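For reference, data-v9.txt is printed below; it contains compact mmCIF, C-alpha atoms.
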# COMPACT_ATOMS: atom_id res chain seq x y z
CA MET P 277 -46.93 -51.64 -39.38
CA PHE P 278 -45.64 -53.02 -42.68
CA ARG P 279 -42.09 -52.87 -44.00
CA VAL P 280 -42.16 -51.68 -47.59
CA ARG P 281 -39.64 -51.50 -50.40
CA GLY P 282 -36.44 -49.59 -49.68
CA GLY P 283 -36.43 -50.67 -46.02
CA ARG P 284 -38.98 -48.03 -45.02
CA VAL P 285 -41.90 -48.72 -42.71
CA LEU P 286 -45.51 -47.86 -43.41
CA VAL P 287 -47.52 -47.52 -40.23
CA VAL P 288 -51.09 -48.78 -40.38
CA LYS P 289 -53.63 -48.05 -37.66
CA LYS P 290 -56.52 -50.35 -36.77
CA PRO P 291 -59.82 -48.45 -36.99
CA SER P 292 -62.88 -49.67 -35.10
CA GLU P 293 -65.75 -51.20 -37.03
CA ALA P 294 -67.94 -48.30 -35.91
CA GLU P 295 -65.49 -45.81 -37.45
CA VAL P 296 -65.37 -47.76 -40.71
CA LYS P 297 -69.16 -48.04 -40.86
CA ALA P 298 -69.67 -44.31 -40.24
CA PHE P 299 -67.01 -43.33 -42.82
CA ALA P 300 -68.42 -45.72 -45.45
CA GLN P 301 -71.94 -44.41 -44.85
CA ARG P 302 -70.76 -40.84 -45.38
CA LEU P 303 -69.03 -41.83 -48.63
CA MET P 304 -72.10 -43.62 -49.97
CA GLU P 305 -74.42 -40.75 -49.09
CA THR P 306 -72.16 -38.24 -50.84
CA HIS P 307 -71.55 -40.33 -53.98
CA SER P 308 -75.00 -41.81 -54.50
CA ARG P 309 -76.49 -38.79 -56.29
CA SER P 310 -75.81 -40.12 -59.78
CA LYS P 311 -74.46 -43.14 -61.64
CA ALA P 312 -71.39 -41.08 -62.59
CA ASP P 313 -70.64 -40.33 -58.91
CA ARG P 314 -71.05 -43.99 -57.95
CA THR P 315 -68.77 -45.13 -60.78
CA LYS P 316 -66.19 -42.51 -59.85
CA MET P 317 -66.00 -43.87 -56.31
CA ARG P 318 -65.68 -47.44 -57.56
CA LEU P 319 -62.80 -46.43 -59.84
CA MET P 320 -61.16 -44.49 -56.99
CA ALA P 321 -61.13 -47.66 -54.88
CA SER P 322 -59.29 -49.53 -57.63
CA GLU P 323 -56.89 -46.60 -58.07
CA ILE P 324 -55.91 -46.41 -54.41
CA LEU P 325 -55.19 -50.16 -54.38
CA ARG P 326 -53.03 -49.71 -57.48
CA LEU P 327 -51.14 -46.84 -55.79
CA LEU P 328 -50.46 -48.90 -52.67
CA LYS P 329 -49.50 -52.12 -54.48
CA PRO P 330 -45.86 -51.14 -55.28
CA SER P 331 -45.27 -50.67 -51.55
CA LEU P 332 -47.51 -53.34 -50.04
CA SER P 333 -48.12 -56.98 -50.86
CA TYR P 334 -51.60 -58.34 -51.49
CA ARG P 335 -51.31 -60.02 -48.08
CA ASP P 336 -50.73 -56.61 -46.50
CA LEU P 337 -53.71 -55.16 -48.37
CA TYR P 338 -55.83 -58.08 -47.19
CA GLU P 339 -54.84 -57.26 -43.59
CA ILE P 340 -56.06 -53.69 -44.13
CA THR P 341 -59.22 -54.29 -46.16
CA GLY P 342 -60.29 -57.82 -45.23
CA ILE P 343 -60.82 -58.62 -48.92
CA PRO P 344 -59.30 -61.89 -50.28
CA GLU P 345 -55.97 -61.47 -52.07
CA SER P 346 -57.27 -62.99 -55.32
CA VAL P 347 -60.04 -60.36 -55.48
CA LEU P 348 -57.69 -57.50 -54.54
CA CYS P 349 -55.39 -58.56 -57.36
CA ARG P 350 -58.20 -58.23 -59.91
CA TYR P 351 -59.26 -54.86 -58.49
CA ALA P 352 -55.70 -53.47 -58.57
CA ARG P 353 -55.10 -54.70 -62.13
CA GLY P 354 -58.40 -53.26 -63.32
CA SER P 355 -59.78 -56.60 -64.48
CA ILE P 356 -62.92 -55.80 -62.50
CA ILE P 357 -63.96 -52.91 -60.30
CA PRO P 358 -65.52 -53.26 -56.86
CA SER P 359 -69.21 -52.75 -56.27
CA PHE P 360 -70.37 -49.42 -54.87
CA GLU P 361 -70.68 -50.83 -51.34
CA GLN P 362 -67.36 -52.70 -51.59
CA ALA P 363 -65.63 -49.55 -52.84
CA ALA P 364 -66.93 -47.62 -49.83
CA GLN P 365 -65.50 -50.27 -47.51
CA ILE P 366 -62.10 -50.30 -49.26
CA LEU P 367 -61.78 -46.52 -49.25
CA SER P 368 -62.95 -46.21 -45.64
CA ARG P 369 -60.55 -48.81 -44.29
CA ILE P 370 -57.56 -47.42 -46.19
CA ALA P 371 -58.32 -43.78 -45.33
CA LEU P 372 -58.66 -44.65 -41.64
CA SER P 373 -55.70 -47.05 -41.58
CA ILE P 374 -52.82 -45.31 -43.39
CA ASP P 375 -50.85 -43.12 -40.96
CA LEU P 376 -50.22 -40.04 -43.14
CA SER P 377 -48.19 -38.36 -40.41
CA TYR P 378 -45.65 -41.18 -40.34
CA LEU P 379 -45.54 -41.44 -44.14
CA LEU P 380 -44.80 -37.72 -44.59
CA ARG P 381 -42.15 -37.67 -41.84
CA ASP P 382 -40.48 -40.62 -43.51
CA LEU P 383 -40.45 -38.80 -46.86
CA VAL P 384 -38.93 -35.67 -45.28
CA GLU P 385 -36.21 -37.67 -43.52
CA LYS P 386 -35.45 -39.54 -46.72
CA GLU P 387 -34.67 -36.22 -48.46
CA LYS P 388 -31.87 -35.45 -45.95
CA SER P 389 -32.06 -31.78 -46.92
CA PRO P 390 -31.66 -28.77 -44.57
CA ILE P 391 -34.48 -27.05 -46.47
CA ILE P 392 -37.95 -28.61 -46.52
CA ASP P 393 -39.43 -28.20 -49.98
CA LEU P 394 -42.80 -29.87 -50.53
CA LEU P 395 -42.04 -30.23 -54.24
CA ARG P 396 -39.08 -32.45 -53.29
CA VAL P 397 -40.95 -34.32 -50.55
CA LEU P 398 -43.84 -35.18 -52.89
CA LYS P 399 -41.81 -35.52 -56.08
CA ASP P 400 -43.20 -39.04 -56.59
CA PRO P 401 -46.55 -38.48 -58.37
CA TYR P 402 -47.92 -41.72 -56.96
CA VAL P 403 -47.32 -40.54 -53.39
CA ALA P 404 -48.85 -37.15 -54.18
CA ARG P 405 -51.90 -38.83 -55.72
CA LEU P 406 -52.27 -41.15 -52.72
CA LEU P 407 -52.17 -38.12 -50.41
CA SER P 408 -54.74 -36.25 -52.52
CA ILE P 409 -57.16 -39.20 -52.53
CA ILE P 410 -56.97 -39.59 -48.75
CA LEU P 411 -57.56 -35.85 -48.32
CA VAL P 412 -60.54 -35.99 -50.69
CA LEU P 413 -61.98 -38.87 -48.67
CA GLU P 414 -61.53 -36.97 -45.40
CA LEU P 415 -63.27 -33.93 -46.93
CA THR P 416 -66.19 -36.00 -48.23
CA GLY P 417 -69.49 -34.24 -47.77
CA LYS P 418 -67.95 -30.76 -47.52
CA GLU P 419 -68.59 -28.14 -50.16
CA VAL P 420 -65.50 -26.52 -51.69
CA SER P 421 -65.85 -23.87 -54.40
CA LYS P 422 -62.29 -22.44 -54.32
CA ILE P 423 -58.89 -23.72 -53.19
CA ILE P 424 -56.48 -21.19 -51.71
CA ALA P 425 -52.85 -22.24 -52.28
CA THR P 426 -50.57 -20.32 -49.92
CA ALA P 427 -47.39 -21.03 -51.93
CA GLU P 428 -46.28 -22.38 -55.30
CA ALA P 429 -44.87 -25.52 -53.63
CA VAL P 430 -48.38 -26.72 -52.86
CA LEU P 431 -49.76 -26.20 -56.39
CA PRO P 432 -49.32 -29.82 -57.64
CA LEU P 433 -51.33 -31.16 -54.70
CA ALA P 434 -53.83 -28.31 -55.01
CA THR P 435 -54.30 -29.17 -58.69
CA MET P 436 -55.22 -32.78 -57.87
CA LEU P 437 -57.73 -31.60 -55.26
CA SER P 438 -59.05 -28.96 -57.67
CA LEU P 439 -59.90 -31.65 -60.23
CA GLU P 440 -61.73 -33.72 -57.61
CA PHE P 441 -63.82 -30.81 -56.29
CA ASN P 442 -64.13 -28.97 -59.61
CA ALA P 443 -62.89 -25.92 -57.70
CA PRO P 444 -60.58 -23.23 -59.16
CA ILE P 445 -57.23 -22.55 -57.48
CA ILE P 446 -56.33 -19.10 -56.18
CA LEU P 447 -52.64 -18.59 -55.45
CA VAL P 448 -51.61 -16.21 -52.68
CA LYS P 449 -49.20 -13.79 -54.36
CA ARG P 450 -46.13 -11.99 -53.05
CA LYS P 451 -46.24 -9.36 -55.80
CA SER P 452 -49.00 -7.12 -57.16
CA TYR P 453 -49.56 -6.19 -60.79
CA PRO P 454 -50.94 -2.95 -62.27
CA GLY P 455 -54.61 -2.97 -63.20
CA VAL P 456 -55.56 -5.80 -60.80
CA GLN P 457 -57.48 -5.20 -57.59
CA TYR P 458 -56.33 -7.14 -54.55
CA TYR P 459 -57.06 -7.88 -50.96
CA SER P 460 -53.71 -7.22 -49.30
CA THR P 461 -52.07 -7.45 -45.89
CA SER P 462 -48.56 -6.94 -44.56
CA PHE P 463 -46.87 -8.70 -41.67
CA MET P 464 -43.42 -8.97 -40.11
CA LYS P 465 -41.66 -12.20 -41.00
CA SER P 466 -38.70 -11.12 -38.87
CA PRO P 467 -37.56 -7.89 -37.14
CA LYS P 468 -36.00 -6.74 -40.42
CA ASP P 469 -38.34 -8.31 -42.98
CA VAL P 470 -41.88 -7.19 -43.82
CA GLU P 471 -43.84 -9.19 -46.39
CA THR P 472 -47.05 -8.26 -48.20
CA LEU P 473 -49.53 -10.85 -49.47
CA TYR P 474 -52.15 -10.38 -52.18
CA LEU P 475 -55.35 -12.16 -53.21
CA ASP P 476 -57.22 -11.26 -56.40
CA ARG P 477 -60.47 -9.53 -55.43
CA ASP P 478 -62.40 -10.65 -58.51
CA LEU P 479 -61.71 -14.34 -57.86
CA LEU P 480 -63.33 -14.45 -54.40
CA SER P 481 -66.77 -13.60 -53.10
CA ARG P 482 -68.73 -13.97 -49.89
CA ARG P 483 -70.58 -16.89 -51.48
CA ASP P 484 -67.40 -18.97 -51.81
CA LYS P 485 -66.55 -21.90 -49.57
CA VAL P 486 -62.77 -22.21 -49.57
CA LEU P 487 -60.23 -24.87 -48.72
CA VAL P 488 -56.93 -23.37 -47.56
CA LEU P 489 -53.95 -25.54 -48.48
CA SER P 490 -50.51 -24.70 -47.08
CA ASP P 491 -47.19 -26.47 -47.49
CA VAL P 492 -45.19 -25.72 -44.33
CA VAL P 493 -46.00 -23.81 -41.14
CA TYR P 494 -43.29 -22.72 -38.68
CA SER P 495 -44.11 -19.47 -36.87
CA GLY P 496 -47.65 -19.35 -38.24
CA ARG P 497 -47.32 -15.70 -39.31
CA THR P 498 -47.80 -16.33 -43.03
CA LEU P 499 -50.85 -18.56 -42.58
CA GLU P 500 -52.34 -16.10 -40.10
CA ALA P 501 -51.92 -13.31 -42.69
CA VAL P 502 -53.61 -15.47 -45.36
CA LEU P 503 -56.57 -16.06 -43.06
CA GLU P 504 -56.75 -12.31 -42.44
CA LEU P 505 -56.92 -11.78 -46.21
CA LEU P 506 -59.77 -14.25 -46.48
CA SER P 507 -61.68 -12.50 -43.71
CA LYS P 508 -61.64 -9.36 -45.88
CA SER P 509 -63.30 -11.27 -48.71
CA ARG P 510 -65.90 -12.68 -46.26
CA ALA P 511 -65.62 -16.07 -47.95
CA GLU P 512 -66.41 -19.08 -45.76
CA ILE P 513 -63.44 -21.25 -44.81
CA THR P 514 -64.37 -24.94 -45.09
CA ASP P 515 -61.03 -26.38 -43.97
CA ILE P 516 -57.43 -25.34 -43.37
CA ILE P 517 -54.90 -28.07 -44.19
CA VAL P 518 -51.14 -27.78 -43.67
CA VAL P 519 -48.97 -30.60 -44.98
CA LEU P 520 -45.95 -30.09 -42.69
CA GLY P 521 -45.64 -28.38 -39.32
CA LEU P 522 -42.18 -27.49 -37.99
CA GLY P 523 -41.82 -27.42 -34.22
CA ASP P 524 -44.51 -25.88 -32.01
CA MET P 525 -44.19 -22.10 -32.42
CA TRP P 526 -47.23 -21.96 -34.69
CA ARG P 527 -49.62 -23.64 -32.25
CA GLU P 528 -50.34 -20.63 -30.02
CA ARG P 529 -50.67 -18.17 -32.91
CA LEU P 530 -53.12 -20.41 -34.81
CA GLU P 531 -54.96 -21.75 -31.77
CA GLU P 532 -58.22 -19.96 -32.58
CA TYR P 533 -58.33 -21.49 -36.07
CA ASN P 534 -59.25 -25.07 -36.79
CA VAL P 535 -56.00 -25.90 -38.58
CA LYS P 536 -55.31 -29.51 -39.54
CA VAL P 537 -51.57 -30.23 -39.75
CA LEU P 538 -50.90 -33.60 -41.39
CA THR P 539 -47.54 -34.15 -39.72
CA VAL P 540 -45.39 -32.27 -37.21
CA ILE P 541 -41.60 -32.49 -37.38
CA PRO P 542 -39.50 -31.49 -34.34
CA PHE P 543 -37.53 -28.35 -35.14
CA THR P 544 -35.31 -26.08 -33.05
CA ILE P 545 -33.01 -23.21 -33.97

Encoded form using C-alpha cells:
Amino acid sequence: MFRVRGGRVLVVKKPSEAEVKAFAQRLMETHSRSKADRTKMRLMASEILRLLKPSLSYRDLYEITGIPESVLCRYARGSIIPSFEQAAQILSRIALSIDLSYLLRDLVEKEKSPIIDLLRVLKDPYVARLLSIILVLELTGKEVSKIIATAEAVLPLATMLSLEFNAPIILVKRKSYPGVQYYSTSFMKSPKDVETLYLDRDLLSRRDKVLVLSDVVYSGRTLEAVLELLSKSRAEITDIIVVLGLGDMWRERLEEYNVKVLTVIPFTI
C-alpha cells in the first residue's frame, strides 16, 4: 500500500505475471484492429499515469509498472507516449493492481455524510475518470451497444463509459410522459411505498447488448426491478456493475444475477 496526499492510503495488490500477461494479451487483441484503436490505447496509458501522478510518486508508479521513473515522467507529461506493447503492460498492471474497493470506501468515509450520494463521492473528475478507465479495461473485449443508468447519480460515470464504448445512455425513469411508450414495472420499496420504473420502448431492442450501471444497492429491490424491465425488452445484459453496496441484504435477492459490486460498505439499521 502507498500513503498518498491528505494522509489517505491507496492499497495496491500484486498481480501474478500470468494475470498481467493474459490481461495485456486481451487488450492488444481488442485494440489491434486499426491504427486509431492502437493509438487510443497508447494515449490511455499516458492518461492513467497522469491521473495517478497527483497521488503517487514516480517511485510508487515504478513499483506498480516496473518502468523506470525517468520514462514514466515523460509518459505522464506527454513528452512521449508508450509503444502499443508498453501501453498494454502499463494498463494491465495498473488495472490489476489498484484496489478500487478500498479507494471507494475511503472516498465514502471522507465525505462523513449520513447519506451516500455518488455525485458527492465522485465529485473529483480525476477520480471519476480513473474509475471509468479501469472499468473500460475490465470490460475489454465485451460488446456494449447501450448503457442503462439506474439513477441520475450515476450519469457522469455513465457518460464517460458511453464515450468509450460509443454507446447511448438510457436512464431508468421514475415518471412517465404522455405520448411515449414504456416498459414498466412496479415494486414495493417499503410496506407503505410502491415505486414504478419506466424504460423507453423505442430505445431498446432484442439486438442490444446492455451494460447496467447502478450507483448504490441496499435491499436490491430497485436493481431487481430494472433487470425485470430489461427482460421485457429481451435485450442481452453484458454486465451489471454497482459502484457501492450497503450491507448484505441485497446478496440473496440478486444471487441469480451476475452482479459486480465494486465495494461493499457495512451498514445496519

Q.
Taking all atoms listed in the file into account, name the residue in P:Leu506, P:Ile340, P:Ala300, P:Leu407 that is nearest to Val488 (chain P).
A.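 Checking each candidate against Val488 (chain P), we get P:Leu506 as the closest.
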
**Q.** Selected residue of minimal separation from Lys465 (chain P) among P:Leu489, P:Leu433, P:Ala501, P:Leu480, counting only C-alpha atoms
**A.**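 Using only C-alpha atoms, Lys465 (chain P) sits closest to P:Ala501.
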
Q: Kindly give the distance, in Å, that separates CA of Val537 (chain P) and CA of Ser462 (chain P), rounded to a single decimal.
A: 24.0 Å

Q.
Residues near region 399-404 of chain P, anyone? I mean within 9 Å using all atoms listed in the file, not counting same-chain ones fewer than 5 positions away, as a list of chain:residue names.
A.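 Everything that qualifies: P:Leu327, P:Leu328, P:Leu394, P:Ile409, P:Pro432, P:Leu433, P:Met436.
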
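Between CA of Ser460 (chain P) and CA of Ser408 (chain P) there is a distance of 29.2 Å.
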
With all atoms listed in the file as the counted atoms, please give the residues lying no more than 10 Å from Ile392 (chain P), apart from itself and same-chain residues fewer than 4 positions off, as a JSON list (two decimals) with C-alpha atoms, in the coordinates of the input.
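Okay, this is what ended up in selection_26.json:
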[["chain", "number", "residue", "atom", "x", "y", "z"],
["P", 384, "VAL", "CA", -38.93, -35.67, -45.28],
["P", 385, "GLU", "CA", -36.21, -37.67, -43.52],
["P", 387, "GLU", "CA", -34.67, -36.22, -48.46],
["P", 388, "LYS", "CA", -31.87, -35.45, -45.95],
["P", 396, "ARG", "CA", -39.08, -32.45, -53.29],
["P", 397, "VAL", "CA", -40.95, -34.32, -50.55],
["P", 491, "ASP", "CA", -47.19, -26.47, -47.49],
["P", 492, "VAL", "CA", -45.19, -25.72, -44.33],
["P", 520, "LEU", "CA", -45.95, -30.09, -42.69],
["P", 522, "LEU", "CA", -42.18, -27.49, -37.99]]

Centre and edge lengths of an axis-aligned box around all listed atoms of region 458-473 of chain P, with 8 Å added on each side, are to be given in Å to one decimal, as AutoDock Vina command-line options.
--center_x -46.5 --center_y -9.5 --center_z -45.8 --size_x 37.1 --size_y 21.5 --size_z 33.4

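Of the listed residues P:Thr539, P:Ser421, P:Thr426, P:Asn534, the one whose atoms come nearest to Leu376 (chain P) is P:Thr539, with distances taken using all atoms listed in the file.
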
Q.
Just want the 10 Å neighbourhood of Arg527 (chain P), counted on only C-alpha atoms, with same-chain residues fewer than 5 positions away dropped. Output as a ChimeraX atom specification.
A. /P:493-496,521,532-533,535

Using C-alpha atoms, can you write the selected residues to a file as a PDB file, keeping the file's coordinate frame?
ATOM      1  CA  VAL P 493     -46.000 -23.810 -41.140  1.00  0.00           C
ATOM      2  CA  TYR P 494     -43.290 -22.720 -38.680  1.00  0.00           C
ATOM      3  CA  SER P 495     -44.110 -19.470 -36.870  1.00  0.00           C
ATOM      4  CA  GLY P 496     -47.650 -19.350 -38.240  1.00  0.00           C
ATOM      5  CA  GLY P 521     -45.640 -28.380 -39.320  1.00  0.00           C
ATOM      6  CA  GLU P 532     -58.220 -19.960 -32.580  1.00  0.00           C
ATOM      7  CA  TYR P 533     -58.330 -21.490 -36.070  1.00  0.00           C
ATOM      8  CA  VAL P 535     -56.000 -25.900 -38.580  1.00  0.00           C
TER       9      VAL P 535
END

Q: Name all residues at most 8 Å from Ser509 (chain P) (count all atoms listed in the file; drop same-chain ones fewer than 2 positions away) and give them as an NGL selection string.
A: :P and (459 or 477 or 480-482 or 505-507 or 511)

Q.
Give me the residues near Ala434 (chain P) as a PyMOL selection string, where near means some atom within 8 Å (using all atoms listed in the file) and where sequence neighbours in that chain fewer than 2 positions away do not count.
A. chain P and resi 423+425+430-432+436-438+445+489

Q) If you measure from CA of Val456 (chain P) to CA of Arg497 (chain P), what distance in Å do you get, rounded to one decimal? A) 25.1 Å

Q | Proximity to Phe441 (chain P) - best of P:Met525, P:Leu415, P:Val540, P:Met464, all atoms listed in the file | A | P:Leu415

Q) Closest to Asp336 (chain P) among P:Ala363, P:Arg381, P:Val486, P:Val287, using only C-alpha atoms? A) P:Val287

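Proximity to Asp313 (chain P) was assessed for P:Ala294, P:Phe360, P:Tyr378, P:Gly342 counting only C-alpha atoms; the smallest distance is recorded for P:Phe360.
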